[in-house]
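Student: Below is coords-v5.json; it holds JSON, C-alpha atoms and all ligand atoms.
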[["chain", "number", "residue", "atom", "x", "y", "z"],
["I", 1, "MET", "CA", -1.67, -27.51, -3.56],
["I", 2, "PRO", "CA", -0.15, -25.79, -0.52],
["I", 3, "ILE", "CA", -2.55, -25.55, 2.39],
["I", 4, "ARG", "CA", -2.55, -22.49, 4.60],
["I", 5, "ALA", "CA", -4.17, -22.02, 7.98],
["I", 6, "VAL", "CA", -5.18, -19.26, 10.33],
["I", 7, "VAL", "CA", -6.32, -19.35, 13.95],
["I", 8, "TYR", "CA", -7.70, -16.48, 16.00],
["I", 9, "THR", "CA", -9.65, -15.67, 19.12],
["I", 10, "SER", "CA", -12.44, -13.09, 19.42],
["I", 11, "GLU", "CA", -15.31, -12.02, 21.62],
["I", 12, "ALA", "CA", -18.88, -12.88, 20.61],
["I", 13, "ALA", "CA", -21.45, -10.11, 20.18],
["I", 14, "SER", "CA", -23.94, -10.01, 23.03],
["I", 15, "ASP", "CA", -26.84, -11.54, 21.06],
["I", 16, "ILE", "CA", -24.71, -14.62, 20.37],
["I", 17, "ALA", "CA", -23.43, -14.80, 23.93],
["I", 18, "ALA", "CA", -27.04, -14.85, 25.12],
["I", 19, "SER", "CA", -28.22, -17.72, 22.91],
["I", 20, "PRO", "CA", -28.35, -21.26, 24.37],
["I", 21, "PRO", "CA", -25.23, -23.41, 23.91],
["I", 22, "ASP", "CA", -26.74, -26.18, 21.80],
["I", 23, "GLN", "CA", -26.27, -27.23, 18.22],
["I", 24, "THR", "CA", -29.69, -26.24, 16.85],
["I", 25, "GLY", "CA", -31.20, -22.86, 16.06],
["I", 26, "GLY", "CA", -30.02, -19.47, 17.23],
["I", 27, "LYS", "CA", -27.80, -16.78, 15.81],
["I", 28, "LEU", "CA", -24.61, -18.81, 16.02],
["I", 29, "CYS", "CA", -26.09, -21.64, 13.94],
["I", 30, "GLU", "CA", -27.13, -19.12, 11.28],
["I", 31, "ILE", "CA", -23.59, -17.74, 11.15],
["I", 32, "VAL", "CA", -22.01, -21.18, 11.01],
["I", 33, "ASP", "CA", -24.45, -22.41, 8.32],
["I", 34, "ASP", "CA", -23.58, -19.36, 6.25],
["I", 35, "ALA", "CA", -19.85, -19.86, 6.90],
["I", 36, "ALA", "CA", -20.02, -23.57, 5.98],
["I", 37, "ARG", "CA", -21.83, -22.80, 2.72],
["I", 38, "PHE", "CA", -19.13, -20.36, 1.75],
["I", 39, "ASN", "CA", -16.23, -22.52, 2.95],
["I", 40, "ARG", "CA", -17.46, -25.57, 1.05],
["I", 41, "ASP", "CA", -17.15, -23.68, -2.24],
["I", 42, "ALA", "CA", -13.80, -22.20, -1.21],
["I", 43, "GLY", "CA", -12.30, -25.56, -0.16],
["I", 44, "VAL", "CA", -11.93, -24.36, 3.42],
["I", 45, "THR", "CA", -12.37, -26.62, 6.45],
["I", 46, "GLY", "CA", -12.00, -26.06, 10.19],
["I", 47, "VAL", "CA", -13.78, -25.63, 13.48],
["I", 48, "LEU", "CA", -15.17, -22.91, 15.71],
["I", 49, "LEU", "CA", -14.89, -23.31, 19.49],
["I", 50, "PHE", "CA", -17.33, -21.30, 21.61],
["I", 51, "ASP", "CA", -17.45, -21.11, 25.41],
["I", 52, "GLY", "CA", -20.54, -18.91, 25.66],
["I", 53, "GLU", "CA", -18.55, -15.68, 25.37],
["I", 54, "ARG", "CA", -15.42, -16.15, 23.30],
["I", 55, "PHE", "CA", -14.45, -17.90, 20.09],
["I", 56, "VAL", "CA", -11.37, -19.69, 18.86],
["I", 57, "GLN", "CA", -11.64, -20.48, 15.17],
["I", 58, "TYR", "CA", -9.23, -22.53, 13.07],
["I", 59, "LEU", "CA", -9.52, -22.36, 9.27],
["I", 60, "GLU", "CA", -7.43, -24.06, 6.60],
["I", 61, "GLY", "CA", -7.50, -24.34, 2.84],
["I", 62, "PRO", "CA", -5.92, -23.16, -0.41],
["I", 63, "GLU", "CA", -4.54, -19.64, -0.20],
["I", 64, "ASP", "CA", -7.17, -17.90, -2.35],
["I", 65, "GLY", "CA", -10.16, -19.59, -0.69],
["I", 66, "LEU", "CA", -8.78, -19.08, 2.80],
["I", 67, "GLN", "CA", -8.09, -15.44, 2.15],
["I", 68, "VAL", "CA", -11.67, -14.73, 1.12],
["I", 69, "ALA", "CA", -13.16, -16.74, 3.99],
["I", 70, "TYR", "CA", -10.91, -14.99, 6.49],
["I", 71, "SER", "CA", -11.75, -11.57, 5.08],
["I", 72, "ARG", "CA", -15.42, -12.42, 5.70],
["I", 73, "VAL", "CA", -14.50, -13.32, 9.28],
["I", 74, "LEU", "CA", -12.60, -10.05, 9.71],
["I", 75, "GLY", "CA", -15.57, -8.10, 8.37],
["I", 76, "ALA", "CA", -18.26, -9.85, 10.41],
["I", 77, "SER", "CA", -20.13, -7.66, 12.88],
["I", 78, "ASN", "CA", -21.01, -10.54, 15.22],
["I", 79, "HIS", "CA", -17.72, -10.52, 17.06],
["I", 80, "SER", "CA", -15.02, -8.06, 18.09],
["I", 81, "GLY", "CA", -11.54, -7.80, 19.56],
["I", 82, "LEU", "CA", -10.13, -10.36, 17.15],
["I", 83, "ILE", "CA", -6.58, -11.46, 17.95],
["I", 84, "GLU", "CA", -4.78, -13.53, 15.35],
["I", 85, "LEU", "CA", -2.86, -16.33, 17.06],
["I", 86, "GLN", "CA", -1.09, -17.76, 14.01],
["I", 87, "ARG", "CA", -1.19, -17.75, 10.25],
["I", 88, "GLY", "CA", 0.93, -19.76, 7.81],
["I", 89, "ARG", "CA", 1.44, -22.93, 5.85],
["I", 90, "VAL", "CA", 0.55, -26.37, 7.10],
["I", 91, "GLY", "CA", 1.97, -29.41, 5.30],
["I", 92, "GLN", "CA", -1.38, -31.11, 5.01],
["I", 93, "ARG", "CA", -4.88, -30.52, 6.31],
["I", 94, "ARG", "CA", -5.14, -31.02, 10.06],
["I", 95, "LEU", "CA", -8.92, -30.66, 10.35],
["I", 96, "PRO", "CA", -10.48, -31.94, 7.11],
["I", 97, "PHE", "CA", -13.73, -32.99, 8.79],
["I", 98, "TRP", "CA", -16.17, -30.09, 8.30],
["I", 99, "PRO", "CA", -16.50, -27.00, 6.07],
["I", 100, "MET", "CA", -17.34, -25.42, 9.43],
["I", 101, "ARG", "CA", -18.86, -26.62, 12.66],
["I", 102, "TRP", "CA", -19.06, -25.08, 16.10],
["I", 103, "LEU", "CA", -18.34, -26.96, 19.29],
["I", 104, "HIS", "CA", -19.18, -25.85, 22.79],
["I", 105, "VAL", "CA", -16.16, -25.99, 25.10],
["I", 106, "GLU", "CA", -15.59, -24.96, 28.70],
["I", 107, "PRO", "CA", -14.08, -21.50, 29.28],
["I", 108, "THR", "CA", -10.93, -23.08, 30.79],
["I", 109, "GLU", "CA", -10.46, -25.22, 27.66],
["I", 110, "LEU", "CA", -10.92, -22.26, 25.35],
["I", 111, "ARG", "CA", -8.46, -20.18, 27.37],
["I", 112, "ARG", "CA", -5.93, -23.00, 27.25],
["I", 113, "VAL", "CA", -6.19, -23.30, 23.46],
["I", 114, "ALA", "CA", -6.01, -19.52, 22.99],
["I", 115, "SER", "CA", -2.93, -19.13, 25.18],
["I", 116, "ALA", "CA", -1.07, -22.20, 23.89],
["I", 117, "ASP", "CA", 1.90, -22.09, 21.54],
["I", 118, "TRP", "CA", 0.70, -21.97, 17.94],
["I", 119, "THR", "CA", 4.13, -21.47, 16.38],
["I", 120, "GLY", "CA", 4.29, -23.33, 13.08],
["I", 121, "PHE", "CA", 1.05, -25.22, 13.85],
["I", 122, "VAL", "CA", 3.30, -27.91, 15.33],
["I", 123, "GLN", "CA", 1.50, -31.19, 15.95],
["I", 124, "ARG", "CA", 3.37, -34.17, 17.40],
["I", 125, "GLU", "CA", 2.04, -37.68, 17.92],
["I", 126, "GLY", "CA", 0.46, -38.62, 21.26],
["I", 127, "THR", "CA", 0.85, -35.32, 23.10],
["I", 128, "GLY", "CA", -2.81, -34.23, 23.06],
["I", 129, "ALA", "CA", -3.48, -33.51, 26.73],
["I", 130, "SER", "CA", 0.03, -33.06, 28.16],
["I", 131, "THR", "CA", 0.99, -29.80, 29.86],
["I", 132, "SER", "CA", 3.41, -28.95, 27.05],
["I", 133, "ALA", "CA", 0.85, -29.54, 24.30],
["I", 134, "THR", "CA", 0.81, -27.02, 21.47],
["I", 135, "GLY", "CA", -2.33, -25.20, 20.37],
["I", 136, "MET", "CA", -2.69, -27.52, 17.40],
["I", 137, "GLU", "CA", -2.38, -30.59, 19.63],
["I", 138, "LEU", "CA", -4.95, -29.27, 22.12],
["I", 139, "LEU", "CA", -7.36, -28.44, 19.30],
["I", 140, "ARG", "CA", -6.98, -31.88, 17.71],
["I", 141, "ALA", "CA", -7.62, -33.53, 21.09],
["I", 142, "LEU", "CA", -10.83, -31.49, 21.56],
["I", 143, "VAL", "CA", -12.08, -32.24, 18.05],
["I", 144, "GLU", "CA", -11.11, -35.94, 17.96],
["I", 145, "PRO", "CA", -14.23, -37.37, 19.68],
["I", 146, "TYR", "CA", -16.53, -35.52, 17.25],
["I", 147, "ALA", "CA", -14.45, -36.48, 14.22],
["I", 148, "ALA", "CA", -14.36, -40.13, 15.36],
["I", 149, "ALA", "CA", -18.17, -40.16, 15.33],
["I", 150, "LEU", "CA", -18.29, -39.35, 11.60],
["J", 201, "LIG", "C1", -17.26, -16.30, 14.70],
["J", 201, "LIG", "C2", -17.47, -16.17, 13.23],
["J", 201, "LIG", "C3", -16.94, -17.15, 12.38],
["J", 201, "LIG", "C4", -17.10, -17.05, 11.01],
["J", 201, "LIG", "N1", -16.56, -18.00, 10.21],
["J", 201, "LIG", "C5", -16.63, -17.86, 8.87],
["J", 201, "LIG", "C6", -16.03, -18.82, 8.01],
["J", 201, "LIG", "O1", -15.46, -19.82, 8.44],
["J", 201, "LIG", "N2", -16.12, -18.62, 6.67],
["J", 201, "LIG", "C7", -16.78, -17.53, 6.14],
["J", 201, "LIG", "O2", -16.82, -17.41, 4.92],
["J", 201, "LIG", "N3", -17.41, -16.63, 6.93],
["J", 201, "LIG", "C8", -17.33, -16.77, 8.28],
["J", 201, "LIG", "N4", -17.96, -15.85, 9.09],
["J", 201, "LIG", "C9", -18.78, -14.79, 8.49],
["J", 201, "LIG", "C10", -20.26, -15.19, 8.53],
["J", 201, "LIG", "O3", -20.48, -16.32, 7.72],
["J", 201, "LIG", "C11", -21.16, -14.05, 8.05],
["J", 201, "LIG", "O4", -20.79, -13.67, 6.76],
["J", 201, "LIG", "C12", -21.03, -12.86, 8.92],
["J", 201, "LIG", "O5", -21.17, -13.23, 10.27],
["J", 201, "LIG", "C13", -22.12, -11.84, 8.57],
["J", 201, "LIG", "O6", -21.76, -10.68, 9.26],
["J", 201, "LIG", "P1", -22.59, -9.32, 9.09],
["J", 201, "LIG", "O7", -23.85, -9.54, 9.88],
["J", 201, "LIG", "O8", -21.69, -8.31, 9.65],
["J", 201, "LIG", "O9", -22.83, -9.16, 7.61],
["J", 201, "LIG", "C14", -17.82, -15.94, 10.46],
["J", 201, "LIG", "C15", -18.37, -14.98, 11.31],
["J", 201, "LIG", "C16", -18.20, -15.09, 12.69],
["J", 201, "LIG", "C17", -18.79, -14.05, 13.59]]
For the file at hand, write its structure as structure tokens.

Tutor:
Amino acid sequence: MPIRAVVYTSEAASDIAASPPDQTGGKLCEIVDDAARFNRDAGVTGVLLFDGERFVQYLEGPEDGLQVAYSRVLGASNHSGLIELQRGRVGQRRLPFWPMRWLHVEPTELRRVASADWTGFVQREGTGASTSATGMELLRALVEPYAAAL
């Protein structure tokens, strides 16, 4: 089954921005628990990066499931100013690890991922941290330590 992906950046609503950057409790955990429940049924996986103010979220899955999950994202009132960075087909799943999970990242890291080249979701071997790394490569490098702990 063809897998499609979408990645975007957005600005968190102020009640989320104010909550502590840990993995337990708080508004963001409620949102992500809800998202993960939905995504699991829809066959969608991915990750949500949060720097305390902004998000970058990457979602992938079968077209129908991804479309519904993404429409929920687009309709959510907890963020604004959404900018889609890329949308399209990926040959195979790049982030199969979680139906959804959020990771705290530094603002500089989030900015780097958001401003990187996402064309075609290109991901080469061994280029994770280099200056020419693509968005997909930077994201994989950020997620890798958490995925390795599974
Ligand atoms: C940053 C962010 C990421 C989200 N990710 C997903 C997702 O991956 N899948 C999904 O089905 N819904 C996702 N949602 C939607 C939430 O699960 C939830 O339905 C929504 O925040 C409720 O918004 P409301 O208070 O406007 O009803 C996301 C929402 C936000 C704000």

Student: Counting all atoms listed in the file, which of I:Gln86, I:Thr108, I:Gln123, I:Ser77 gets nearest to Arg4 (chain I)?

Tutor: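 With all atoms listed in the file as the atom set, the closest residue is I:Gln86.
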
Student: Tell me which protein, DNA and RNA residues are within 7 Å of Lys27 (chain I), counting all atoms listed in the file, leaving out same-chain ones fewer than 3 positions away, and put them as a PyMOL selection string.

Tutor: chain I and resi 16+30-31

Student: Quick one: which chain I residues come within 8 Å of ligand LIG 201 (chain J), and what is the nearest atom pair for each with the distance in Å to one decimal, counting all atoms listed in the file, rows ordered by chain and ascending number, as a tab-separated table?

Tutor:
residue	atom	partner	partner_atom	distance
I:Ser10	CA	J:LIG201	C1	7.5
I:Ala12	CA	J:LIG201	C1	7.0
I:Leu28	CA	J:LIG201	C1	7.9
I:Ile31	CA	J:LIG201	O3	4.8
I:Val32	CA	J:LIG201	O3	6.1
I:Asp33	CA	J:LIG201	O3	7.3
I:Asp34	CA	J:LIG201	O3	4.6
I:Ala35	CA	J:LIG201	O3	3.7
I:Ala36	CA	J:LIG201	N2	6.3
I:Arg37	CA	J:LIG201	O2	7.7
I:Phe38	CA	J:LIG201	O2	4.9
I:Asn39	CA	J:LIG201	N2	5.4
I:Val44	CA	J:LIG201	O1	7.6
I:Thr45	CA	J:LIG201	O1	7.7
I:Gly46	CA	J:LIG201	O1	7.3
I:Val47	CA	J:LIG201	O1	7.9
I:Leu48	CA	J:LIG201	C3	6.9
I:Phe55	CA	J:LIG201	C1	6.3
I:Val56	CA	J:LIG201	C1	8.0
I:Gln57	CA	J:LIG201	C3	6.9
I:Leu59	CA	J:LIG201	O1	6.5
I:Val68	CA	J:LIG201	O2	6.9
I:Ala69	CA	J:LIG201	O2	3.8
I:Tyr70	CA	J:LIG201	N2	6.4
I:Ser71	CA	J:LIG201	O2	7.7
I:Arg72	CA	J:LIG201	N3	4.8
I:Val73	CA	J:LIG201	N4	4.3
I:Leu74	CA	J:LIG201	C15	7.8
I:Gly75	CA	J:LIG201	O8	6.3
I:Ala76	CA	J:LIG201	O6	3.8
I:Ser77	CA	J:LIG201	O8	3.6
I:Asn78	CA	J:LIG201	C17	4.5
I:His79	CA	J:LIG201	C17	5.1
I:Pro99	CA	J:LIG201	O1	7.6
I:Met100	CA	J:LIG201	O1	6.0

Student: How would the residues just chosen look if you wrote them out with C-alpha atoms as a PDB file, in the coordinates of the input?

Tutor:
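Below is the file that was written, selection.pdb:
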ATOM      1  CA  SER I  10     -12.440 -13.090  19.420  1.00  0.00           C
ATOM      2  CA  ALA I  12     -18.880 -12.880  20.610  1.00  0.00           C
ATOM      3  CA  LEU I  28     -24.610 -18.810  16.020  1.00  0.00           C
ATOM      4  CA  ILE I  31     -23.590 -17.740  11.150  1.00  0.00           C
ATOM      5  CA  VAL I  32     -22.010 -21.180  11.010  1.00  0.00           C
ATOM      6  CA  ASP I  33     -24.450 -22.410   8.320  1.00  0.00           C
ATOM      7  CA  ASP I  34     -23.580 -19.360   6.250  1.00  0.00           C
ATOM      8  CA  ALA I  35     -19.850 -19.860   6.900  1.00  0.00           C
ATOM      9  CA  ALA I  36     -20.020 -23.570   5.980  1.00  0.00           C
ATOM     10  CA  ARG I  37     -21.830 -22.800   2.720  1.00  0.00           C
ATOM     11  CA  PHE I  38     -19.130 -20.360   1.750  1.00  0.00           C
ATOM     12  CA  ASN I  39     -16.230 -22.520   2.950  1.00  0.00           C
ATOM     13  CA  VAL I  44     -11.930 -24.360   3.420  1.00  0.00           C
ATOM     14  CA  THR I  45     -12.370 -26.620   6.450  1.00  0.00           C
ATOM     15  CA  GLY I  46     -12.000 -26.060  10.190  1.00  0.00           C
ATOM     16  CA  VAL I  47     -13.780 -25.630  13.480  1.00  0.00           C
ATOM     17  CA  LEU I  48     -15.170 -22.910  15.710  1.00  0.00           C
ATOM     18  CA  PHE I  55     -14.450 -17.900  20.090  1.00  0.00           C
ATOM     19  CA  VAL I  56     -11.370 -19.690  18.860  1.00  0.00           C
ATOM     20  CA  GLN I  57     -11.640 -20.480  15.170  1.00  0.00           C
ATOM     21  CA  LEU I  59      -9.520 -22.360   9.270  1.00  0.00           C
ATOM     22  CA  VAL I  68     -11.670 -14.730   1.120  1.00  0.00           C
ATOM     23  CA  ALA I  69     -13.160 -16.740   3.990  1.00  0.00           C
ATOM     24  CA  TYR I  70     -10.910 -14.990   6.490  1.00  0.00           C
ATOM     25  CA  SER I  71     -11.750 -11.570   5.080  1.00  0.00           C
ATOM     26  CA  ARG I  72     -15.420 -12.420   5.700  1.00  0.00           C
ATOM     27  CA  VAL I  73     -14.500 -13.320   9.280  1.00  0.00           C
ATOM     28  CA  LEU I  74     -12.600 -10.050   9.710  1.00  0.00           C
ATOM     29  CA  GLY I  75     -15.570  -8.100   8.370  1.00  0.00           C
ATOM     30  CA  ALA I  76     -18.260  -9.850  10.410  1.00  0.00           C
ATOM     31  CA  SER I  77     -20.130  -7.660  12.880  1.00  0.00           C
ATOM     32  CA  ASN I  78     -21.010 -10.540  15.220  1.00  0.00           C
ATOM     33  CA  HIS I  79     -17.720 -10.520  17.060  1.00  0.00           C
ATOM     34  CA  PRO I  99     -16.500 -27.000   6.070  1.00  0.00           C
ATOM     35  CA  MET I 100     -17.340 -25.420   9.430  1.00  0.00           C
TER      36      MET I 100
END

Student: Neighbours of Arg112 (chain I) within 12 Å (only C-alpha atoms; same-chain residues fewer than 5 positions away dropped), as a compact mmCIF listing (two decimals) with C-alpha atoms, in the frame of the given file?

Tutor:
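Output file part_16.txt follows:
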# COMPACT_ATOMS: atom_id res chain seq x y z
CA THR I 9 -9.65 -15.67 19.12
CA LEU I 49 -14.89 -23.31 19.49
CA ASP I 51 -17.45 -21.11 25.41
CA VAL I 56 -11.37 -19.69 18.86
CA VAL I 105 -16.16 -25.99 25.10
CA GLU I 106 -15.59 -24.96 28.70
CA PRO I 107 -14.08 -21.50 29.28
CA ASP I 117 1.90 -22.09 21.54
CA TRP I 118 0.70 -21.97 17.94
CA ALA I 129 -3.48 -33.51 26.73
CA SER I 130 0.03 -33.06 28.16
CA THR I 131 0.99 -29.80 29.86
CA SER I 132 3.41 -28.95 27.05
CA ALA I 133 0.85 -29.54 24.30
CA THR I 134 0.81 -27.02 21.47
CA GLY I 135 -2.33 -25.20 20.37
CA MET I 136 -2.69 -27.52 17.40
CA GLU I 137 -2.38 -30.59 19.63
CA LEU I 138 -4.95 -29.27 22.12
CA LEU I 139 -7.36 -28.44 19.30
CA LEU I 142 -10.83 -31.49 21.56

Student: What does the distance from CA of Leu110 (chain I) to CA of Asp41 (chain I) come to in Å, to one decimal?

Tutor: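 CA of Asp41 (chain I) lies 28.3 Å from CA of Leu110 (chain I).
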
Student: For each of I:Asp64, I:Asp15, I:Glu144, I:Glu125, take the minimum atom-to-atom distance to Ile3 (chain I), counting only C-alpha atoms, then give the residue where this is smallest.

Tutor: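 Among I:Asp64, I:Asp15, I:Glu144, I:Glu125, it is I:Asp64 that comes nearest to Ile3 (chain I).
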
Student: Considering only C-alpha atoms, state which residue in the set I:Ala13, I:Leu95, I:Ile83, I:Val90 is at the smallest distance from Ser115 (chain I).

Tutor: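 Looking only at the distances to Ser115 (chain I), the closest residue turns out to be I:Ile83.
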
Student: Figure out the distance between CA of Glu53 (chain I) and CA of Trp102 (chain I), please, to one decimal in Å.

Tutor: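 Atom-to-atom, CA of Trp102 (chain I) to CA of Glu53 (chain I), that is 13.2 Å.
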
Student: Go through I:Arg111, I:Arg93, I:Arg40, I:Arg101 one by one, measure the shortest atom-to-atom distance of each to Glu60 (chain I) using only C-alpha atoms, and give the residue with the smallest value.

Tutor: I:Arg93

Student: Record the distance separating CA of Gln67 (chain I) and CA of Pro145 (chain I), expressed in Å with one decimal.

Tutor: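 Distance between the two atoms: 28.7 Å.
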
Student: Find, counting all atoms listed in the file, the residue in I:Leu85, I:Ala147, I:Val122, I:Leu66 that gets nearest to Tyr8 (chain I).

Tutor: I:Leu85

Student: For a quick check of understanding, using all atoms listed in the file, which of I:Gly61, I:Met1, I:Gly43, I:Arg94 has the smallest distance to Arg140 (chain I)?

Tutor: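 The closest residue to Arg140 (chain I) is I:Arg94.
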
Student: Since the input is missing atoms, can you rebuild N, CA and C atoms for region 65-86 of chain I and write them as a PDB file, in the frame of the given file?

Tutor:
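Saved result, out_14.pdb, follows:
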ATOM      1  N   GLY I  65      -8.903 -19.332  -1.404  1.00  0.00           N
ATOM      2  CA  GLY I  65     -10.160 -19.590  -0.690  1.00  0.00           C
ATOM      3  C   GLY I  65     -10.076 -19.149   0.767  1.00  0.00           C
ATOM      4  N   LEU I  66      -8.952 -19.437   1.388  1.00  0.00           N
ATOM      5  CA  LEU I  66      -8.780 -19.080   2.800  1.00  0.00           C
ATOM      6  C   LEU I  66      -8.795 -17.569   2.982  1.00  0.00           C
ATOM      7  N   GLN I  67      -8.164 -16.900   2.047  1.00  0.00           N
ATOM      8  CA  GLN I  67      -8.090 -15.440   2.150  1.00  0.00           C
ATOM      9  C   GLN I  67      -9.489 -14.811   2.111  1.00  0.00           C
ATOM     10  N   VAL I  68     -10.334 -15.312   1.215  1.00  0.00           N
ATOM     11  CA  VAL I  68     -11.670 -14.730   1.120  1.00  0.00           C
ATOM     12  C   VAL I  68     -12.502 -15.089   2.360  1.00  0.00           C
ATOM     13  N   ALA I  69     -12.407 -16.340   2.790  1.00  0.00           N
ATOM     14  CA  ALA I  69     -13.160 -16.740   3.990  1.00  0.00           C
ATOM     15  C   ALA I  69     -12.721 -15.906   5.196  1.00  0.00           C
ATOM     16  N   TYR I  70     -11.419 -15.729   5.333  1.00  0.00           N
ATOM     17  CA  TYR I  70     -10.910 -14.990   6.490  1.00  0.00           C
ATOM     18  C   TYR I  70     -11.285 -13.508   6.407  1.00  0.00           C
ATOM     19  N   SER I  71     -11.348 -12.981   5.192  1.00  0.00           N
ATOM     20  CA  SER I  71     -11.750 -11.570   5.080  1.00  0.00           C
ATOM     21  C   SER I  71     -13.227 -11.428   5.483  1.00  0.00           C
ATOM     22  N   ARG I  72     -14.027 -12.447   5.230  1.00  0.00           N
ATOM     23  CA  ARG I  72     -15.420 -12.420   5.700  1.00  0.00           C
ATOM     24  C   ARG I  72     -15.470 -12.453   7.236  1.00  0.00           C
ATOM     25  N   VAL I  73     -14.584 -13.259   7.814  1.00  0.00           N
ATOM     26  CA  VAL I  73     -14.500 -13.320   9.280  1.00  0.00           C
ATOM     27  C   VAL I  73     -14.118 -11.949   9.836  1.00  0.00           C
ATOM     28  N   LEU I  74     -13.093 -11.346   9.215  1.00  0.00           N
ATOM     29  CA  LEU I  74     -12.600 -10.050   9.710  1.00  0.00           C
ATOM     30  C   LEU I  74     -13.669  -8.967   9.582  1.00  0.00           C
ATOM     31  N   GLY I  75     -14.553  -9.113   8.583  1.00  0.00           N
ATOM     32  CA  GLY I  75     -15.570  -8.100   8.370  1.00  0.00           C
ATOM     33  C   GLY I  75     -16.877  -8.355   9.100  1.00  0.00           C
ATOM     34  N   ALA I  76     -16.983  -9.483   9.771  1.00  0.00           N
ATOM     35  CA  ALA I  76     -18.260  -9.850  10.410  1.00  0.00           C
ATOM     36  C   ALA I  76     -18.521  -8.972  11.637  1.00  0.00           C
ATOM     37  N   SER I  77     -19.787  -8.562  11.778  1.00  0.00           N
ATOM     38  CA  SER I  77     -20.130  -7.660  12.880  1.00  0.00           C
ATOM     39  C   SER I  77     -20.507  -8.427  14.157  1.00  0.00           C
ATOM     40  N   ASN I  78     -20.525  -9.756  14.077  1.00  0.00           N
ATOM     41  CA  ASN I  78     -21.010 -10.540  15.220  1.00  0.00           C
ATOM     42  C   ASN I  78     -19.951 -10.864  16.255  1.00  0.00           C
ATOM     43  N   HIS I  79     -18.766 -10.344  16.050  1.00  0.00           N
ATOM     44  CA  HIS I  79     -17.720 -10.520  17.060  1.00  0.00           C
ATOM     45  C   HIS I  79     -16.780  -9.322  17.005  1.00  0.00           C
ATOM     46  N   SER I  80     -15.931  -9.205  18.027  1.00  0.00           N
ATOM     47  CA  SER I  80     -15.020  -8.060  18.090  1.00  0.00           C
ATOM     48  C   SER I  80     -13.737  -8.463  18.807  1.00  0.00           C
ATOM     49  N   GLY I  81     -12.786  -7.562  18.819  1.00  0.00           N
ATOM     50  CA  GLY I  81     -11.540  -7.800  19.560  1.00  0.00           C
ATOM     51  C   GLY I  81     -10.763  -8.987  19.044  1.00  0.00           C
ATOM     52  N   LEU I  82     -10.794  -9.180  17.724  1.00  0.00           N
ATOM     53  CA  LEU I  82     -10.130 -10.360  17.150  1.00  0.00           C
ATOM     54  C   LEU I  82      -8.611 -10.280  17.329  1.00  0.00           C
ATOM     55  N   ILE I  83      -8.039 -11.356  17.822  1.00  0.00           N
ATOM     56  CA  ILE I  83      -6.580 -11.460  17.950  1.00  0.00           C
ATOM     57  C   ILE I  83      -6.126 -12.679  17.152  1.00  0.00           C
ATOM     58  N   GLU I  84      -5.297 -12.413  16.158  1.00  0.00           N
ATOM     59  CA  GLU I  84      -4.780 -13.530  15.350  1.00  0.00           C
ATOM     60  C   GLU I  84      -3.687 -14.246  16.134  1.00  0.00           C
ATOM     61  N   LEU I  85      -3.824 -15.564  16.275  1.00  0.00           N
ATOM     62  CA  LEU I  85      -2.860 -16.330  17.060  1.00  0.00           C
ATOM     63  C   LEU I  85      -1.744 -16.882  16.179  1.00  0.00           C
ATOM     64  N   GLN I  86      -2.086 -17.244  14.957  1.00  0.00           N
ATOM     65  CA  GLN I  86      -1.090 -17.760  14.010  1.00  0.00           C
ATOM     66  C   GLN I  86      -1.664 -17.798  12.617  1.00  0.00           C
TER      67      GLN I  86
END
